[in-house]
$ cat coords-v7.cif   # mmCIF, C-alpha atoms and all ligand atoms
data_model
loop_
_atom_site.group_PDB
_atom_site.id
_atom_site.type_symbol
_atom_site.label_atom_id
_atom_site.label_comp_id
_atom_site.auth_asym_id
_atom_site.auth_seq_id
_atom_site.Cartn_x
_atom_site.Cartn_y
_atom_site.Cartn_z
ATOM 1 C CA MET P 6 16.545 -10.805 -6.081
ATOM 2 C CA LYS P 7 13.722 -8.657 -7.443
ATOM 3 C CA ASN P 8 11.931 -5.919 -5.530
ATOM 4 C CA ILE P 9 8.948 -6.951 -3.440
ATOM 5 C CA VAL P 10 5.965 -4.648 -3.952
ATOM 6 C CA LEU P 11 3.292 -4.703 -1.242
ATOM 7 C CA ILE P 12 -0.163 -3.702 -2.465
ATOM 8 C CA GLY P 13 -3.577 -3.724 -0.806
ATOM 9 C CA PHE P 14 -6.383 -1.583 0.546
ATOM 10 C CA MET P 15 -5.904 1.371 2.903
ATOM 11 C CA GLY P 16 -5.324 0.301 6.476
ATOM 12 C CA VAL P 17 -4.570 -3.337 5.676
ATOM 13 C CA GLY P 18 -1.116 -2.989 7.254
ATOM 14 C CA LYS P 19 1.313 -2.564 4.331
ATOM 15 C CA GLY P 20 3.567 -0.246 6.348
ATOM 16 C CA SER P 21 3.559 -2.442 9.466
ATOM 17 C CA VAL P 22 4.291 -5.568 7.415
ATOM 18 C CA ALA P 23 7.119 -3.762 5.603
ATOM 19 C CA ARG P 24 8.709 -2.782 8.927
ATOM 20 C CA GLU P 25 8.412 -6.369 10.184
ATOM 21 C CA ILE P 26 10.098 -7.726 7.029
ATOM 22 C CA VAL P 27 12.924 -5.225 7.520
ATOM 23 C CA LYS P 28 13.340 -6.551 11.065
ATOM 24 C CA LEU P 29 13.473 -10.182 9.940
ATOM 25 C CA SER P 30 15.602 -9.835 6.806
ATOM 26 C CA GLU P 31 18.292 -7.833 5.036
ATOM 27 C CA PHE P 32 15.720 -5.901 3.018
ATOM 28 C CA MET P 33 15.735 -2.114 2.980
ATOM 29 C CA ALA P 34 12.326 -0.570 2.492
ATOM 30 C CA VAL P 35 10.764 2.459 0.830
ATOM 31 C CA ASP P 36 7.148 3.589 0.850
ATOM 32 C CA THR P 37 5.552 5.330 -2.144
ATOM 33 C CA ASP P 38 3.453 7.686 0.008
ATOM 34 C CA ASP P 39 6.540 8.675 2.022
ATOM 35 C CA LEU P 40 8.445 9.365 -1.197
ATOM 36 C CA ILE P 41 5.606 11.556 -2.466
ATOM 37 C CA GLU P 42 5.373 13.442 0.842
ATOM 38 C CA SER P 43 9.072 14.214 0.802
ATOM 39 C CA MET P 44 9.062 15.143 -2.912
ATOM 40 C CA GLU P 45 6.302 17.663 -2.257
ATOM 41 C CA ASN P 46 7.209 18.492 1.336
ATOM 42 C CA LYS P 47 3.516 18.053 2.126
ATOM 43 C CA LYS P 48 1.317 15.416 3.753
ATOM 44 C CA ILE P 49 -0.861 13.282 1.453
ATOM 45 C CA LYS P 50 -3.983 14.815 2.994
ATOM 46 C CA LYS P 51 -2.739 18.323 2.099
ATOM 47 C CA ILE P 52 -1.837 17.247 -1.452
ATOM 48 C CA PHE P 53 -5.393 15.913 -1.938
ATOM 49 C CA GLU P 54 -6.888 19.111 -0.469
ATOM 50 C CA GLU P 55 -4.726 21.593 -2.351
ATOM 51 C CA GLU P 56 -3.874 19.839 -5.619
ATOM 52 C CA GLY P 57 -6.539 17.141 -5.912
ATOM 53 C CA GLU P 58 -6.453 13.394 -6.448
ATOM 54 C CA LYS P 59 -5.515 13.628 -10.134
ATOM 55 C CA TYR P 60 -2.296 15.431 -9.282
ATOM 56 C CA PHE P 61 -1.514 12.841 -6.596
ATOM 57 C CA ARG P 62 -1.972 10.008 -9.137
ATOM 58 C CA LYS P 63 0.516 11.758 -11.442
ATOM 59 C CA LEU P 64 3.060 11.774 -8.636
ATOM 60 C CA GLU P 65 2.464 8.049 -8.105
ATOM 61 C CA LYS P 66 3.230 7.446 -11.789
ATOM 62 C CA ARG P 67 6.426 9.435 -11.511
ATOM 63 C CA VAL P 68 7.502 7.408 -8.474
ATOM 64 C CA ALA P 69 6.623 4.202 -10.361
ATOM 65 C CA ARG P 70 8.878 5.145 -13.294
ATOM 66 C CA TRP P 71 11.736 5.876 -10.929
ATOM 67 C CA LEU P 72 11.242 2.605 -9.030
ATOM 68 C CA GLU P 73 11.339 0.623 -12.281
ATOM 69 C CA LYS P 74 14.425 2.373 -13.529
ATOM 70 C CA SER P 75 16.506 2.786 -10.414
ATOM 71 C CA VAL P 76 15.456 0.587 -7.475
ATOM 72 C CA ARG P 77 16.584 -3.023 -6.972
ATOM 73 C CA ASP P 78 16.462 -5.612 -4.142
ATOM 74 C CA THR P 79 14.142 -3.437 -2.122
ATOM 75 C CA LEU P 80 10.874 -3.884 -0.280
ATOM 76 C CA ILE P 81 8.396 -1.331 -1.572
ATOM 77 C CA SER P 82 5.172 -0.563 0.302
ATOM 78 C CA THR P 83 2.595 1.400 -1.645
ATOM 79 C CA GLY P 84 -0.521 3.527 -1.233
ATOM 80 C CA GLY P 85 -3.808 1.688 -1.785
ATOM 81 C CA GLY P 86 -4.268 3.087 -5.302
ATOM 82 C CA PHE P 87 -0.684 2.643 -6.502
ATOM 83 C CA TYR P 88 -1.482 -0.729 -8.116
ATOM 84 C CA LYS P 89 -2.997 1.191 -11.052
ATOM 85 C CA VAL P 90 0.316 2.506 -12.421
ATOM 86 C CA ASP P 91 0.856 0.945 -15.845
ATOM 87 C CA ASN P 92 4.391 -0.346 -15.182
ATOM 88 C CA LEU P 93 3.504 -2.046 -11.867
ATOM 89 C CA LYS P 94 4.570 -5.532 -12.974
ATOM 90 C CA LYS P 95 7.955 -4.241 -14.121
ATOM 91 C CA ILE P 96 8.786 -2.943 -10.639
ATOM 92 C CA GLY P 97 8.961 -6.309 -8.901
ATOM 93 C CA THR P 98 7.048 -9.254 -7.467
ATOM 94 C CA ILE P 99 3.572 -8.045 -6.520
ATOM 95 C CA VAL P 100 2.388 -9.223 -3.115
ATOM 96 C CA LEU P 101 -1.239 -8.506 -2.191
ATOM 97 C CA LEU P 102 -2.143 -8.181 1.484
ATOM 98 C CA ASP P 103 -5.723 -9.390 1.386
ATOM 99 C CA SER P 104 -8.380 -8.951 4.063
ATOM 100 C CA PRO P 105 -12.159 -8.511 4.286
ATOM 101 C CA PHE P 106 -13.230 -4.860 4.540
ATOM 102 C CA GLU P 107 -14.719 -5.326 8.015
ATOM 103 C CA LYS P 108 -11.422 -6.696 9.375
ATOM 104 C CA ILE P 109 -9.552 -3.730 7.931
ATOM 105 C CA LEU P 110 -11.901 -1.343 9.734
ATOM 106 C CA GLN P 111 -11.542 -3.339 12.929
ATOM 107 C CA ARG P 112 -7.742 -3.179 12.621
ATOM 108 C CA ILE P 113 -7.797 0.599 12.241
ATOM 109 C CA LYS P 114 -10.276 1.098 15.110
ATOM 110 C CA GLU P 115 -8.227 -1.043 17.489
ATOM 111 C CA HIS P 116 -5.059 0.917 16.795
ATOM 112 C CA PRO P 117 -3.960 3.254 19.638
ATOM 113 C CA ASN P 118 -3.708 6.048 17.041
ATOM 114 C CA ALA P 119 -7.026 5.199 15.372
ATOM 115 C CA LYS P 120 -8.239 8.792 14.984
ATOM 116 C CA LYS P 121 -5.029 9.885 13.313
ATOM 117 C CA LYS P 122 -5.001 6.816 11.049
ATOM 118 C CA LEU P 123 -8.484 7.653 9.787
ATOM 119 C CA ALA P 124 -7.913 11.403 9.543
ATOM 120 C CA LYS P 125 -4.833 11.162 7.335
ATOM 121 C CA ARG P 126 -6.636 9.107 4.666
ATOM 122 C CA PRO P 127 -8.846 11.290 2.434
ATOM 123 C CA LEU P 128 -10.518 8.274 0.811
ATOM 124 C CA LEU P 129 -11.507 6.737 4.169
ATOM 125 C CA GLN P 130 -13.574 9.695 5.355
ATOM 126 C CA ASP P 131 -16.869 8.306 4.084
ATOM 127 C CA LEU P 132 -17.032 4.635 5.075
ATOM 128 C CA LYS P 133 -19.842 3.802 2.669
ATOM 129 C CA LYS P 134 -17.810 5.150 -0.238
ATOM 130 C CA ALA P 135 -14.699 3.402 1.079
ATOM 131 C CA LYS P 136 -16.538 0.093 1.120
ATOM 132 C CA GLU P 137 -17.664 0.679 -2.488
ATOM 133 C CA LEU P 138 -14.074 1.441 -3.461
ATOM 134 C CA TYR P 139 -12.971 -1.766 -1.729
ATOM 135 C CA GLU P 140 -15.525 -3.797 -3.708
ATOM 136 C CA ILE P 141 -14.306 -2.303 -6.993
ATOM 137 C CA ARG P 142 -10.640 -2.718 -6.183
ATOM 138 C CA ARG P 143 -10.515 -6.173 -4.652
ATOM 139 C CA PRO P 144 -10.855 -8.091 -7.953
ATOM 140 C CA GLU P 145 -8.338 -5.708 -9.547
ATOM 141 C CA TYR P 146 -5.834 -6.321 -6.744
ATOM 142 C CA LEU P 147 -6.256 -10.083 -7.190
ATOM 143 C CA GLU P 148 -5.744 -9.718 -10.930
ATOM 144 C CA VAL P 149 -2.348 -7.974 -10.684
ATOM 145 C CA ALA P 150 -0.973 -9.912 -7.703
ATOM 146 C CA ASP P 151 1.722 -12.581 -8.136
ATOM 147 C CA ILE P 152 1.287 -13.678 -4.522
ATOM 148 C CA VAL P 153 -1.802 -13.269 -2.318
ATOM 149 C CA ILE P 154 -1.415 -13.294 1.460
ATOM 150 C CA ASP P 155 -4.512 -13.510 3.642
ATOM 151 C CA VAL P 156 -3.597 -11.207 6.529
ATOM 152 C CA SER P 157 -6.760 -11.417 8.609
ATOM 153 C CA ASP P 158 -6.185 -12.800 12.122
ATOM 154 C CA LYS P 159 -2.449 -13.319 11.596
ATOM 155 C CA SER P 160 0.433 -11.799 13.540
ATOM 156 C CA LEU P 161 2.813 -9.439 11.753
ATOM 157 C CA THR P 162 5.635 -11.931 12.237
ATOM 158 C CA LYS P 163 3.632 -14.721 10.655
ATOM 159 C CA ILE P 164 2.689 -12.522 7.679
ATOM 160 C CA ALA P 165 6.267 -11.330 7.186
ATOM 161 C CA LYS P 166 7.685 -14.871 7.340
ATOM 162 C CA GLU P 167 5.070 -16.119 4.888
ATOM 163 C CA ILE P 168 6.014 -13.393 2.404
ATOM 164 C CA LEU P 169 9.747 -14.011 2.734
ATOM 165 C CA LYS P 170 9.241 -17.733 2.194
ATOM 166 C CA LYS P 171 7.026 -17.287 -0.854
ATOM 167 C CA VAL P 172 9.217 -14.733 -2.644
ATOM 168 C CA ASP P 173 12.256 -16.918 -2.100
ATOM 169 C CA LYS P 174 10.834 -19.748 -4.234
HETATM 170 C C1 LIG B 201 -4.934 5.816 -1.232
HETATM 171 C C2 LIG B 201 -4.300 5.215 -0.187
HETATM 172 C C3 LIG B 201 -3.373 5.920 0.736
HETATM 173 C C4 LIG B 201 -2.756 7.121 0.024
HETATM 174 C C5 LIG B 201 -3.819 7.996 -0.549
HETATM 175 C C6 LIG B 201 -4.718 7.262 -1.566
HETATM 176 C C7 LIG B 201 -5.851 5.026 -2.084
HETATM 177 O O1 LIG B 201 -2.355 5.031 1.199
HETATM 178 O O2 LIG B 201 -1.874 6.699 -0.991
HETATM 179 O O3 LIG B 201 -4.574 8.493 0.504
HETATM 180 O O4 LIG B 201 -6.188 5.448 -3.204
HETATM 181 O O5 LIG B 201 -6.229 3.907 -1.651
HETATM 182 P P1 LIG B 201 -2.620 3.827 2.279
HETATM 183 O O6 LIG B 201 -3.057 2.636 1.495
HETATM 184 O O7 LIG B 201 -1.318 3.663 2.943
HETATM 185 O O8 LIG B 201 -3.683 4.321 3.199
#

$ encode --input "coords-v7.cif" --output "structure tokens" --more "lines below"
Ligand code: S3P
Amino acid sequence: MKNIVLIGFMGVGKGSVAREIVKLSEFMAVDTDDLIESMENKKIKKIFEEEGEKYFRKLEKRVARWLEKSVRDTLISTGGGFYKVDNLKKIGTIVLLDSPFEKILQRIKEHPNAKKKLAKRPLLQDLKKAKELYEIRRPEYLEVADIVIDVSDKSLTKIAKEILKKVDK
């Protein structure tokens, strides 16, 4: 069994879907942002503020090399820009969580911790710019994905089951 790599835009629910898959299967999960935060002992927001985005992208590449070399049979959730690492396809089966931008915003706003969810994401501070980023990235996400899952208006359980069924084929 290869790794499953969840990609998709900020706030689409990669972390929540990963936790649901862990509940419903034998998969163990890691998250690239969590790995980076523990490597640096700093929150992503702080890394962006103090070291800049370029430095953060370098850390993503380092994590990507390690995942390719050392991680097997694992569910990997990623930050929204992780799909750009050049060895992405060598890490595992790429599953895109796809949703219209407006539904992503709605999902974040409806969350009980909405303020925190927005505040911790440096690239979501300006919604106009975030929408532009979404428009640029969506075709690129579709291009690298092996499997595309439409997550709008679906329960976490339904999404998780759909992924498990599709990667099993
Ligand atoms: C980013 C997404 C974030 C995090 C960082 C950059 C991006 O992860 O990696 O703020 O470039 O889209 P989430 O997708 O979990 O918000």

$ closest_atom_pairs --input "coords-v7.cif" --of "chain P" --to "ligand LIG 201 (chain B)" --cutoff "9 Å" --atoms "only C-alpha atoms and all ligand atoms" --output "JSON lines"
{"residue": "P:Ile12", "atom": "CA", "partner": "B:LIG201", "partner_atom": "O6", "distance": 8.0}
{"residue": "P:Gly13", "atom": "CA", "partner": "B:LIG201", "partner_atom": "O6", "distance": 6.8}
{"residue": "P:Phe14", "atom": "CA", "partner": "B:LIG201", "partner_atom": "O6", "distance": 5.5}
{"residue": "P:Met15", "atom": "CA", "partner": "B:LIG201", "partner_atom": "O6", "distance": 3.4}
{"residue": "P:Gly16", "atom": "CA", "partner": "B:LIG201", "partner_atom": "O8", "distance": 5.4}
{"residue": "P:Val17", "atom": "CA", "partner": "B:LIG201", "partner_atom": "O6", "distance": 7.4}
{"residue": "P:Gly18", "atom": "CA", "partner": "B:LIG201", "partner_atom": "O7", "distance": 7.9}
{"residue": "P:Lys19", "atom": "CA", "partner": "B:LIG201", "partner_atom": "O7", "distance": 6.9}
{"residue": "P:Gly20", "atom": "CA", "partner": "B:LIG201", "partner_atom": "O7", "distance": 7.1}
{"residue": "P:Asp36", "atom": "CA", "partner": "B:LIG201", "partner_atom": "O7", "distance": 8.7}
{"residue": "P:Thr37", "atom": "CA", "partner": "B:LIG201", "partner_atom": "O2", "distance": 7.6}
{"residue": "P:Asp38", "atom": "CA", "partner": "B:LIG201", "partner_atom": "O2", "distance": 5.5}
{"residue": "P:Ile49", "atom": "CA", "partner": "B:LIG201", "partner_atom": "O3", "distance": 6.1}
{"residue": "P:Lys50", "atom": "CA", "partner": "B:LIG201", "partner_atom": "O3", "distance": 6.8}
{"residue": "P:Phe53", "atom": "CA", "partner": "B:LIG201", "partner_atom": "O3", "distance": 7.9}
{"residue": "P:Glu58", "atom": "CA", "partner": "B:LIG201", "partner_atom": "C6", "distance": 8.0}
{"residue": "P:Phe61", "atom": "CA", "partner": "B:LIG201", "partner_atom": "C5", "distance": 8.1}
{"residue": "P:Arg62", "atom": "CA", "partner": "B:LIG201", "partner_atom": "C6", "distance": 8.5}
{"residue": "P:Glu65", "atom": "CA", "partner": "B:LIG201", "partner_atom": "O2", "distance": 8.4}
{"residue": "P:Ser82", "atom": "CA", "partner": "B:LIG201", "partner_atom": "O7", "distance": 8.2}
{"residue": "P:Thr83", "atom": "CA", "partner": "B:LIG201", "partner_atom": "O7", "distance": 6.4}
{"residue": "P:Gly84", "atom": "CA", "partner": "B:LIG201", "partner_atom": "O1", "distance": 3.4}
{"residue": "P:Gly85", "atom": "CA", "partner": "B:LIG201", "partner_atom": "O5", "distance": 3.3}
{"residue": "P:Gly86", "atom": "CA", "partner": "B:LIG201", "partner_atom": "O4", "distance": 3.7}
{"residue": "P:Phe87", "atom": "CA", "partner": "B:LIG201", "partner_atom": "O2", "distance": 6.9}
{"residue": "P:Lys122", "atom": "CA", "partner": "B:LIG201", "partner_atom": "O8", "distance": 8.3}
{"residue": "P:Leu123", "atom": "CA", "partner": "B:LIG201", "partner_atom": "O8", "distance": 8.8}
{"residue": "P:Lys125", "atom": "CA", "partner": "B:LIG201", "partner_atom": "O3", "distance": 7.3}
{"residue": "P:Arg126", "atom": "CA", "partner": "B:LIG201", "partner_atom": "O3", "distance": 4.7}
{"residue": "P:Pro127", "atom": "CA", "partner": "B:LIG201", "partner_atom": "O3", "distance": 5.5}
{"residue": "P:Leu128", "atom": "CA", "partner": "B:LIG201", "partner_atom": "O3", "distance": 6.0}
{"residue": "P:Leu129", "atom": "CA", "partner": "B:LIG201", "partner_atom": "O3", "distance": 8.0}
{"residue": "P:Ala135", "atom": "CA", "partner": "B:LIG201", "partner_atom": "O5", "distance": 8.9}
{"residue": "P:Leu138", "atom": "CA", "partner": "B:LIG201", "partner_atom": "O5", "distance": 8.4}
{"residue": "P:Tyr139", "atom": "CA", "partner": "B:LIG201", "partner_atom": "O5", "distance": 8.8}

$ atom_distance --input "coords-v7.cif" --atom1 "CA of Val68 (chain P)" --atom2 "CA of Lys28 (chain P)"
24.7 Å

$ closest_residue --input "coords-v7.cif" --among "P:Asn92, P:Ser157, P:Asn46, P:Thr162" --to "Arg24 (chain P)" --atoms "all atoms listed in the file"
P:Thr162

$ resolve_selection --input "coords-v7.cif" --expression "the PyMOL selection byres (((chain P and resi 164) around 9) and not hetatm)" --output "PyMOL selection string"
chain P and resi 22+25-26+102+154-156+159-163+165-169

$ closest_residue --input "coords-v7.cif" --among "P:Val90, P:Ala150, P:Val27, P:Met44" --to "Lys63 (chain P)" --atoms "only C-alpha atoms"
P:Val90

$ residues_around --input "coords-v7.cif" --residues "Val35 (chain P)" --least-positions-apart "2" --cutoff "8 Å" --atoms "only C-alpha atoms" --output "list in words"
Met33, Thr37, Asp39, Leu40, Thr79, Leu80, Ile81 and Ser82 of chain P

$ atom_distance --input "coords-v7.cif" --atom1 "CA of Lys170 (chain P)" --atom2 "CA of Lys89 (chain P)"
26.1 Å

$ atom_distance --input "coords-v7.cif" --atom1 "CA of Lys74 (chain P)" --atom2 "CA of Asp91 (chain P)"
13.8 Å

$ closest_residue --input "coords-v7.cif" --among "P:Ile41, P:Leu101, P:Ile52, P:Ala34" --to "Glu145 (chain P)" --atoms "all atoms listed in the file"
P:Leu101

$ axis_aligned_box --input "coords-v7.cif" --around "region 120-132 of chain P" --padding-each-side "5 Å" --output "lines of an AutoDock Vina configuration file"
center_x = -10.9
center_y = 8.0
center_z = 7.9
size_x = 22.2
size_y = 16.8
size_z = 24.2

$ closest_residue --input "coords-v7.cif" --among "P:Glu55, P:Ala119, P:Lys114, P:Lys66" --to "Tyr88 (chain P)" --atoms "only C-alpha atoms"
P:Lys66

$ closest_residue --input "coords-v7.cif" --among "P:Val10, P:Val172, P:Leu132, P:Leu64" --to "Glu107 (chain P)" --atoms "all atoms listed in the file"
P:Leu132

$ closest_residue --input "coords-v7.cif" --among "P:Gln111, P:Asn8, P:Ser104, P:Ser30" --to "Val76 (chain P)" --atoms "only C-alpha atoms"
P:Asn8
